[in-house]
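S.K.: The following file, target06.tsv, comprises TSV, C-alpha atoms and all ligand atoms:
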```
chain	number	residue	atom	x	y	z
B	118	MET	CA	0.71	7.23	-17.81
B	119	ARG	CA	0.53	6.07	-14.18
B	120	ILE	CA	-3.04	6.22	-12.86
B	121	PRO	CA	-3.14	7.67	-9.32
B	122	LEU	CA	-3.64	4.95	-6.70
B	123	VAL	CA	-5.25	5.71	-3.35
B	124	VAL	CA	-5.19	2.86	-0.83
B	125	GLY	CA	-6.91	2.83	2.56
B	126	ASN	CA	-5.45	0.58	5.23
B	127	TRP	CA	-8.01	-0.01	7.97
B	128	LYS	CA	-5.44	-1.98	10.04
B	129	MET	CA	-7.24	-3.85	12.85
B	130	HIS	CA	-10.24	-1.53	12.76
B	131	GLY	CA	-13.62	-1.89	11.15
B	132	THR	CA	-17.21	-2.72	12.00
B	133	PRO	CA	-20.32	-3.50	9.97
B	134	ALA	CA	-21.20	0.20	10.43
B	135	LEU	CA	-17.92	1.31	8.84
B	136	ILE	CA	-18.64	-1.00	5.89
B	137	GLU	CA	-22.00	0.76	5.41
B	138	ARG	CA	-20.35	4.18	5.54
B	139	ALA	CA	-17.63	3.10	3.10
B	140	VAL	CA	-20.22	1.82	0.62
B	141	ASP	CA	-22.34	4.97	1.02
B	142	ALA	CA	-19.34	7.18	0.27
B	143	TYR	CA	-19.09	5.89	-3.33
B	144	GLY	CA	-22.30	6.70	-5.17
B	145	GLY	CA	-22.24	7.36	-8.92
B	146	SER	CA	-20.06	5.77	-11.54
B	147	PRO	CA	-16.30	6.19	-11.90
B	148	ARG	CA	-15.21	9.09	-14.11
B	149	PRO	CA	-12.46	8.92	-16.73
B	150	GLY	CA	-9.19	10.09	-15.28
B	151	ALA	CA	-10.36	9.10	-11.82
B	152	ALA	CA	-7.89	7.77	-9.31
B	153	GLU	CA	-7.99	4.04	-8.57
B	154	ILE	CA	-9.36	3.51	-5.06
B	155	VAL	CA	-8.55	0.44	-2.97
B	156	ILE	CA	-9.73	-0.34	0.57
B	157	CYS	CA	-7.79	-2.87	2.68
B	158	PRO	CA	-9.99	-4.02	5.57
B	159	PRO	CA	-9.27	-6.92	7.94
B	160	PHE	CA	-9.60	-10.33	6.23
B	161	VAL	CA	-13.08	-11.07	7.57
B	162	PHE	CA	-14.63	-8.07	5.82
B	163	LEU	CA	-12.94	-8.59	2.43
B	164	ALA	CA	-15.57	-10.71	0.71
B	165	GLU	CA	-18.47	-8.44	1.65
B	166	LEU	CA	-16.64	-5.25	0.76
B	167	ALA	CA	-15.39	-6.67	-2.53
B	168	ALA	CA	-18.91	-7.74	-3.50
B	169	ARG	CA	-20.49	-4.43	-2.58
B	170	LEU	CA	-17.80	-2.05	-3.83
B	171	SER	CA	-16.98	-3.59	-7.20
B	172	ALA	CA	-20.10	-2.12	-8.83
B	173	LEU	CA	-19.01	1.29	-7.53
B	174	GLY	CA	-15.57	1.04	-9.13
B	175	VAL	CA	-13.74	0.64	-5.82
B	176	LYS	CA	-11.33	-2.26	-5.35
B	177	VAL	CA	-10.38	-4.24	-2.30
B	178	GLY	CA	-7.01	-5.36	-0.99
B	179	ALA	CA	-5.75	-7.45	1.92
B	180	GLN	CA	-3.30	-6.24	4.56
B	181	ASN	CA	-1.24	-9.42	4.54
B	182	LEU	CA	-1.02	-12.93	3.09
B	183	SER	CA	0.88	-16.13	3.75
B	184	GLU	CA	4.06	-16.80	1.83
B	185	HIS	CA	2.74	-20.36	1.35
B	186	ASP	CA	0.15	-21.37	-1.23
B	187	GLU	CA	-1.67	-23.82	1.07
B	188	GLY	CA	-1.02	-26.29	3.82
B	189	ALA	CA	-0.91	-26.80	7.56
B	190	TYR	CA	-0.42	-23.17	8.57
B	191	THR	CA	-3.12	-22.57	11.17
B	192	GLY	CA	-4.43	-19.02	11.17
B	193	GLU	CA	-2.82	-18.03	7.88
B	194	VAL	CA	-4.55	-16.90	4.68
B	195	ALA	CA	-3.28	-17.79	1.21
B	196	GLY	CA	-3.19	-15.52	-1.81
B	197	ARG	CA	-5.57	-17.71	-3.85
B	198	MET	CA	-8.19	-17.39	-1.12
B	199	LEU	CA	-7.90	-13.63	-1.35
B	200	SER	CA	-8.26	-13.53	-5.11
B	201	ALA	CA	-11.18	-15.98	-4.86
B	202	VAL	CA	-13.18	-13.48	-2.81
B	203	GLY	CA	-12.51	-10.59	-5.17
B	204	CYS	CA	-9.36	-9.12	-3.69
B	205	ARG	CA	-7.04	-7.44	-6.21
B	206	TYR	CA	-4.22	-6.02	-4.11
B	207	VAL	CA	-2.30	-7.00	-0.98
B	208	LEU	CA	-0.01	-5.01	1.30
B	209	VAL	CA	3.31	-6.76	1.80
B	210	GLY	CA	5.83	-5.89	4.48
B	211	HIS	CA	3.94	-3.10	6.25
B	212	SER	CA	6.22	-1.68	8.93
B	213	GLU	CA	3.85	-2.82	11.69
B	214	ARG	CA	4.21	-6.41	10.49
B	215	ARG	CA	7.96	-6.05	10.19
B	216	ALA	CA	8.25	-4.56	13.69
B	217	LEU	CA	5.48	-6.32	15.62
B	218	MET	CA	5.31	-9.71	13.88
B	219	GLY	CA	9.00	-9.98	13.13
B	220	GLU	CA	8.62	-10.26	9.35
B	221	THR	CA	12.06	-10.37	7.79
B	222	ASP	CA	13.13	-8.95	4.43
B	223	ARG	CA	13.33	-12.53	3.15
B	224	GLN	CA	9.82	-13.39	4.33
B	225	VAL	CA	8.47	-10.18	2.84
B	226	ALA	CA	10.08	-11.12	-0.47
B	227	ASP	CA	8.45	-14.58	-0.28
B	228	LYS	CA	5.09	-12.92	0.37
B	229	PHE	CA	5.60	-10.62	-2.61
B	230	ALA	CA	6.23	-13.70	-4.79
B	231	ALA	CA	3.21	-15.52	-3.30
B	232	ALA	CA	0.97	-12.53	-4.09
B	233	GLN	CA	2.00	-12.52	-7.73
B	234	ARG	CA	1.49	-16.31	-7.99
B	235	ALA	CA	-2.08	-15.69	-6.84
B	236	ASP	CA	-2.70	-12.90	-9.37
B	237	LEU	CA	-2.74	-10.25	-6.69
B	238	THR	CA	-0.88	-6.97	-7.10
B	239	PRO	CA	1.54	-6.62	-4.18
B	240	ILE	CA	2.04	-3.21	-2.61
B	241	LEU	CA	5.50	-3.51	-1.09
B	242	CYS	CA	5.89	-1.24	1.94
B	243	VAL	CA	9.33	0.16	2.69
B	244	GLY	CA	10.58	2.88	4.98
B	245	GLU	CA	13.10	3.91	7.57
B	246	SER	CA	12.62	4.46	11.30
B	247	HIS	CA	13.41	7.77	12.98
B	248	PRO	CA	16.78	6.60	14.37
B	249	GLU	CA	17.70	5.26	10.93
B	250	ARG	CA	16.93	8.63	9.33
B	251	GLN	CA	18.89	10.42	12.07
B	252	ALA	CA	21.83	8.14	11.39
B	253	GLY	CA	21.72	8.95	7.67
B	254	ALA	CA	20.77	5.36	6.85
B	255	THR	CA	17.51	6.04	4.99
B	256	PHE	CA	18.73	4.94	1.57
B	257	ALA	CA	20.66	1.97	2.96
B	258	VAL	CA	17.55	0.66	4.74
B	259	ILE	CA	15.23	1.11	1.79
B	260	GLY	CA	17.85	-0.26	-0.58
B	261	ARG	CA	18.12	-3.40	1.57
B	262	GLN	CA	14.33	-3.82	1.73
B	263	LEU	CA	14.04	-3.49	-2.06
B	264	GLN	CA	17.04	-5.67	-2.81
B	265	ALA	CA	15.56	-8.64	-0.94
B	266	VAL	CA	12.57	-8.58	-3.29
B	267	VAL	CA	14.66	-7.99	-6.40
B	268	GLU	CA	16.80	-11.01	-5.52
B	269	ARG	CA	13.70	-13.14	-5.03
B	270	VAL	CA	11.63	-12.19	-8.08
B	271	GLY	CA	13.77	-9.92	-10.26
B	272	VAL	CA	13.33	-6.22	-10.87
B	273	GLY	CA	10.94	-6.90	-13.78
B	274	ALA	CA	8.33	-8.13	-11.27
B	275	PHE	CA	7.81	-4.52	-10.19
B	276	ALA	CA	6.00	-3.86	-13.46
B	277	ASP	CA	3.01	-5.61	-11.82
B	278	ALA	CA	3.42	-4.20	-8.34
B	279	ALA	CA	3.30	-0.98	-6.40
B	280	ILE	CA	5.65	0.31	-3.74
B	281	ALA	CA	4.60	2.34	-0.71
B	282	TYR	CA	7.24	4.53	0.86
B	283	GLU	CA	6.16	4.90	4.46
B	284	PRO	CA	8.68	6.49	6.81
B	285	VAL	CA	7.97	4.73	10.10
B	286	TRP	CA	8.20	8.04	11.99
B	287	ALA	CA	5.37	9.48	9.90
B	288	ILE	CA	2.93	6.60	10.45
B	289	GLY	CA	0.15	7.49	12.86
B	290	SER	CA	2.16	10.42	14.20
B	291	GLY	CA	0.23	13.22	12.53
B	292	LEU	CA	3.60	14.35	11.19
B	293	ALA	CA	3.75	13.52	7.48
B	294	ALA	CA	7.04	13.73	5.61
B	295	SER	CA	7.32	17.01	3.75
B	296	PRO	CA	6.56	16.72	0.02
B	297	ALA	CA	10.27	17.37	-0.67
B	298	GLN	CA	11.40	14.68	1.79
B	299	ALA	CA	9.02	12.14	0.26
B	300	GLN	CA	9.92	13.10	-3.31
B	301	GLU	CA	13.65	12.73	-2.60
B	302	VAL	CA	13.25	9.12	-1.45
B	303	MET	CA	10.67	8.18	-4.04
B	304	GLN	CA	12.76	9.50	-6.91
B	305	TRP	CA	15.62	7.40	-5.56
B	306	ILE	CA	13.38	4.31	-5.41
B	307	ARG	CA	12.22	4.85	-8.99
B	308	ALA	CA	15.80	5.19	-10.19
B	309	ARG	CA	16.64	1.88	-8.47
B	310	LEU	CA	13.97	0.16	-10.57
B	311	GLY	CA	15.73	1.22	-13.76
B	312	ALA	CA	13.66	0.94	-16.94
B	313	HIS	CA	10.81	-0.76	-15.03
B	314	GLY	CA	10.42	2.27	-12.82
B	315	ALA	CA	8.51	4.20	-15.45
B	316	GLN	CA	5.53	1.90	-14.94
B	317	THR	CA	5.61	1.14	-11.22
B	318	ARG	CA	3.34	3.22	-9.05
B	319	ILE	CA	5.06	4.53	-5.95
B	320	LEU	CA	2.83	5.67	-3.10
B	321	TYR	CA	3.57	7.81	-0.09
B	322	GLY	CA	2.18	6.76	3.29
B	323	GLY	CA	2.31	8.29	6.76
B	324	SER	CA	-0.24	10.75	8.19
B	325	VAL	CA	-1.90	11.46	4.84
B	326	LYS	CA	-5.19	13.35	5.00
B	327	ALA	CA	-7.31	15.46	2.69
B	328	ALA	CA	-5.45	18.58	3.84
B	329	ASN	CA	-2.00	17.40	2.70
B	330	VAL	CA	-2.68	14.96	-0.16
B	331	GLY	CA	-2.62	17.66	-2.84
B	332	GLU	CA	0.89	18.91	-2.11
B	333	LEU	CA	2.18	15.34	-1.89
B	334	LEU	CA	0.63	14.27	-5.19
B	335	ALA	CA	2.02	17.36	-6.89
B	336	GLN	CA	5.49	15.79	-6.63
B	337	ALA	CA	6.79	14.13	-9.80
B	338	ASP	CA	7.38	10.68	-8.30
B	339	ILE	CA	4.38	10.41	-5.98
B	340	ASP	CA	1.75	8.37	-7.81
B	341	GLY	CA	-0.64	7.87	-4.94
B	342	VAL	CA	-1.01	7.47	-1.21
B	343	LEU	CA	-1.45	4.77	1.42
B	344	VAL	CA	-3.78	6.09	4.08
B	345	GLY	CA	-4.19	4.60	7.56
B	346	GLY	CA	-6.07	6.61	10.19
B	347	ALA	CA	-7.85	8.93	7.75
B	348	SER	CA	-9.29	5.95	5.83
B	349	LEU	CA	-11.44	5.11	8.88
B	350	ASP	CA	-13.46	8.26	8.15
B	351	ALA	CA	-15.26	7.14	4.98
B	352	ASP	CA	-16.05	10.67	3.83
B	353	GLU	CA	-12.50	11.92	4.43
B	354	PHE	CA	-11.12	8.95	2.50
B	355	ALA	CA	-13.53	9.51	-0.40
B	356	LYS	CA	-12.40	13.15	-0.42
B	357	ILE	CA	-8.74	12.09	-0.58
B	358	GLY	CA	-9.67	9.88	-3.55
B	359	LYS	CA	-11.34	12.78	-5.35
B	360	LEU	CA	-8.37	15.05	-4.72
B	361	ALA	CA	-6.17	12.42	-6.37
B	362	ASP	CA	-8.16	12.40	-9.61
B	363	ARG	CA	-6.15	13.60	-12.57
B	364	THR	CA	-7.36	16.94	-13.75
U	401	LIG	P1	-1.42	6.64	8.93
U	401	LIG	O1	-0.97	5.13	8.56
U	401	LIG	O2	-2.05	7.21	7.68
U	401	LIG	O3	-2.40	6.47	10.04
U	401	LIG	O4	-0.20	7.38	9.30
U	401	LIG	C1	-0.40	4.81	7.32
U	401	LIG	C2	-0.09	3.34	7.25
U	401	LIG	O5	0.37	2.76	8.24
U	401	LIG	O6	-0.28	2.70	6.20
```
Let me see the structure of the file written as structure tokens.
M.R.:
Amino acid sequence: MRIPLVVGNWKMHGTPALIERAVDAYGGSPRPGAAEIVICPPFVFLAELAARLSALGVKVGAQNLSEHDEGAYTGEVAGRMLSAVGCRYVLVGHSERRALMGETDRQVADKFAAAQRADLTPILCVGESHPERQAGATFAVIGRQLQAVVERVGVGAFADAAIAYEPVWAIGSGLAASPAQAQEVMQWIRARLGAHGAQTRILYGGSVKAANVGELLAQADIDGVLVGGASLDADEFAKIGKLADRT
């Protein structure tokens, strides 16, 4: 049974006030059958959020990590540092990092491996751009992104990882993929993982909010969501988490 996974990606947003609101949104103890909730704030807020949220049953993840374990890499953060401050998950290969920071498939694969060496669960982000979808290249692009990681760590490594399918055109656009569009790609991804696919949680990301999370999670291969903009509203994000609870 794959437990629903709801991940909030604050991107380069966040203030001490948002931390207070995020903590306030999770009173009470976790219920059986509840979705797993993870918040990914900027690095500097990780330690505080991890310390304050762990008692509330909410986990913390990073948005990025170095592919190196340590060394002279000014400005970088290693996986072991993240796990040392209570981080459990890390996003790897978010489309903004691929597009804006020039992360290559190979580098993303190295980061995936580095995360697992540091006992972090990588959430590998994959997805096609609008022109790629228009050109009918969706499966070729996602296949290439997945293959780079499979070549680096083997398909078995996905047993301890999650994948987020985030069509680039749906991110921050207010225009989520339709449940059928997301399901089509996510079913394809699961099939590519072969026998390991039964265990791997596959998340949808791109303009998720409380109003559309239900219809997305109703799809057979959508095990959770990666939420950007809506995670900055602590109450909206807590609501998305509740809607993802198994009934
Ligand atoms: P969005 O972002 O929910 O604001 O579309 C999703 C993401 O980039 O992870």
S.K.: Taking only C-alpha atoms and all ligand atoms into account, which residues have an atom no farther than 9 Å from ligand LIG 401 (chain U)? I'd like them as a count of residues only.
M.R.: 33
S.K.: Can you pull out the residues contacting B:Thr132? Cut-off 10 Å, using all atoms listed in the file, and skip same-chain residues under 2 positions away; I want them as an MDAnalysis selection string.
M.R.: chainID B and resid 130 134:138 158:159 162
S.K.: Could you save those same residues with C-alpha atoms as a short mmCIF file (atom, residue, chain, number, x, y, z; two decimals), in the coordinates of the input?
M.R.:
```cif
data_model
loop_
_atom_site.label_atom_id
_atom_site.label_comp_id
_atom_site.auth_asym_id
_atom_site.auth_seq_id
_atom_site.Cartn_x
_atom_site.Cartn_y
_atom_site.Cartn_z
CA HIS B 130 -10.24 -1.53 12.76
CA ALA B 134 -21.20 0.20 10.43
CA LEU B 135 -17.92 1.31 8.84
CA ILE B 136 -18.64 -1.00 5.89
CA GLU B 137 -22.00 0.76 5.41
CA ARG B 138 -20.35 4.18 5.54
CA PRO B 158 -9.99 -4.02 5.57
CA PRO B 159 -9.27 -6.92 7.94
CA PHE B 162 -14.63 -8.07 5.82
#
```
S.K.: Compare B:Thr191, B:Ile339, B:Gly271, B:Ala276 by their minimum atom-to-atom distance to B:Gln304, counting all atoms listed in the file, and give me the closest one.
M.R.: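 Checking each of B:Thr191, B:Ile339, B:Gly271, B:Ala276 against B:Gln304, counting all atoms listed in the file, the winner is B:Ile339.
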S.K.: Env of stretch 267-269 of chain B: 9 Å cut, atoms = all atoms listed in the file, seq-sep filter 2 positions within chain, self excluded. Answer as a list in words.
M.R.: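 Result of the neighbour search: Arg223, Ala226, Asp227, Phe229, Ala230, Leu263, Gln264, Ala265, Gly271, Val272, Gly273, Ala274 and Phe275 of chain B.
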S.K.: So the first atom is atom CA of B:Gly150 and the second is atom CA of B:Arg119; what is the distance between them in Å, to one decimal place?
M.R.: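 Distance reported for this atom pair: 10.6 Å.
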S.K.: What lies within 8 Å of stretch 307-311 of chain B using all atoms listed in the file, ignoring chain neighbours under 4 positions off, as a PyMOL selection string?
M.R.: chain B and resi 272+275+303+315+317+319+338
S.K.: For B:Glu301, which of B:Ile154, B:Phe256, B:Ala278, B:Val266 is the closest residue, counting only C-alpha atoms?
M.R.: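 Checking each candidate against B:Glu301, we get B:Phe256 as the closest.
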S.K.: Would you pick out the contacts of B:Ile357 at 8 Å or less, using only C-alpha atoms, so that residues sharing its chain but fewer than 5 positions from it are not included, and give the list as a list in words?
M.R.: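 Final neighbour list, sorted by chain and number: Val123, Lys326, Ala327 and Val330 of chain B.
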S.K.: Need the shell around B:Arg234: protein/DNA/RNA residues with any atom at most 10 Å away, counting all atoms listed in the file. Skip same-chain ones fewer than 5 positions apart. Format as a list in words?
M.R.: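 Neighbouring residues, sequence-local ones excluded: Asp186, Gly196, Arg197, Lys228 and Phe229 of chain B.
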S.K.: Can you write just those residues out, C-alpha atoms, as an mmCIF file, in the coordinates of the input?
M.R.:
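Dumped everything to selection_27.cif:
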```cif
data_model
loop_
_atom_site.group_PDB
_atom_site.id
_atom_site.type_symbol
_atom_site.label_atom_id
_atom_site.label_comp_id
_atom_site.auth_asym_id
_atom_site.auth_seq_id
_atom_site.Cartn_x
_atom_site.Cartn_y
_atom_site.Cartn_z
ATOM 1 C CA ASP B 186 0.150 -21.370 -1.230
ATOM 2 C CA GLY B 196 -3.190 -15.520 -1.810
ATOM 3 C CA ARG B 197 -5.570 -17.710 -3.850
ATOM 4 C CA LYS B 228 5.090 -12.920 0.370
ATOM 5 C CA PHE B 229 5.600 -10.620 -2.610
#
```
S.K.: Give me, please, the distance in Å between atom CA of B:Gly188 and atom CA of B:Leu217, quoted to one decimal.
M.R.: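 A separation of 24.1 Å between them.
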S.K.: When you count only C-alpha atoms, which of these residues is closest to B:Gly341: B:Cys157, B:Val225, B:Ala152, B:Met129?
M.R.: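 The shortest atom-to-atom distance to B:Gly341 comes from B:Ala152.
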S.K.: With all atoms listed in the file counted, which protein, DNA or RNA residues have an atom no more than 8 Å from (-2.9, 8.3, -11.0) in the file frame? Please answer as an MDAnalysis selection string.
M.R.: chainID B and resid 118:122 150:153 340:341 361:363
S.K.: Restricting the calculation to all atoms listed in the file: of B:Val302, B:Ile240, B:Leu199, B:Leu208, which residue gets closest to B:Gly260?
M.R.: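 Counting all atoms listed in the file, the residue closest to B:Gly260 is B:Val302.
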S.K.: So how far away is atom CA of B:Val270 from atom CA of B:Ala164, in Å?
M.R.: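 Computing the Euclidean distance for atom CA of B:Ala164 and atom CA of B:Val270 yields 28.6 Å.
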S.K.: My list of candidates is B:Asp222, B:Ala189, B:Asp236, B:Ala231. Which is closest to B:Ile259 when distances are computed with only C-alpha atoms?
M.R.: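 Under the stated criterion, the closest residue is B:Asp222.
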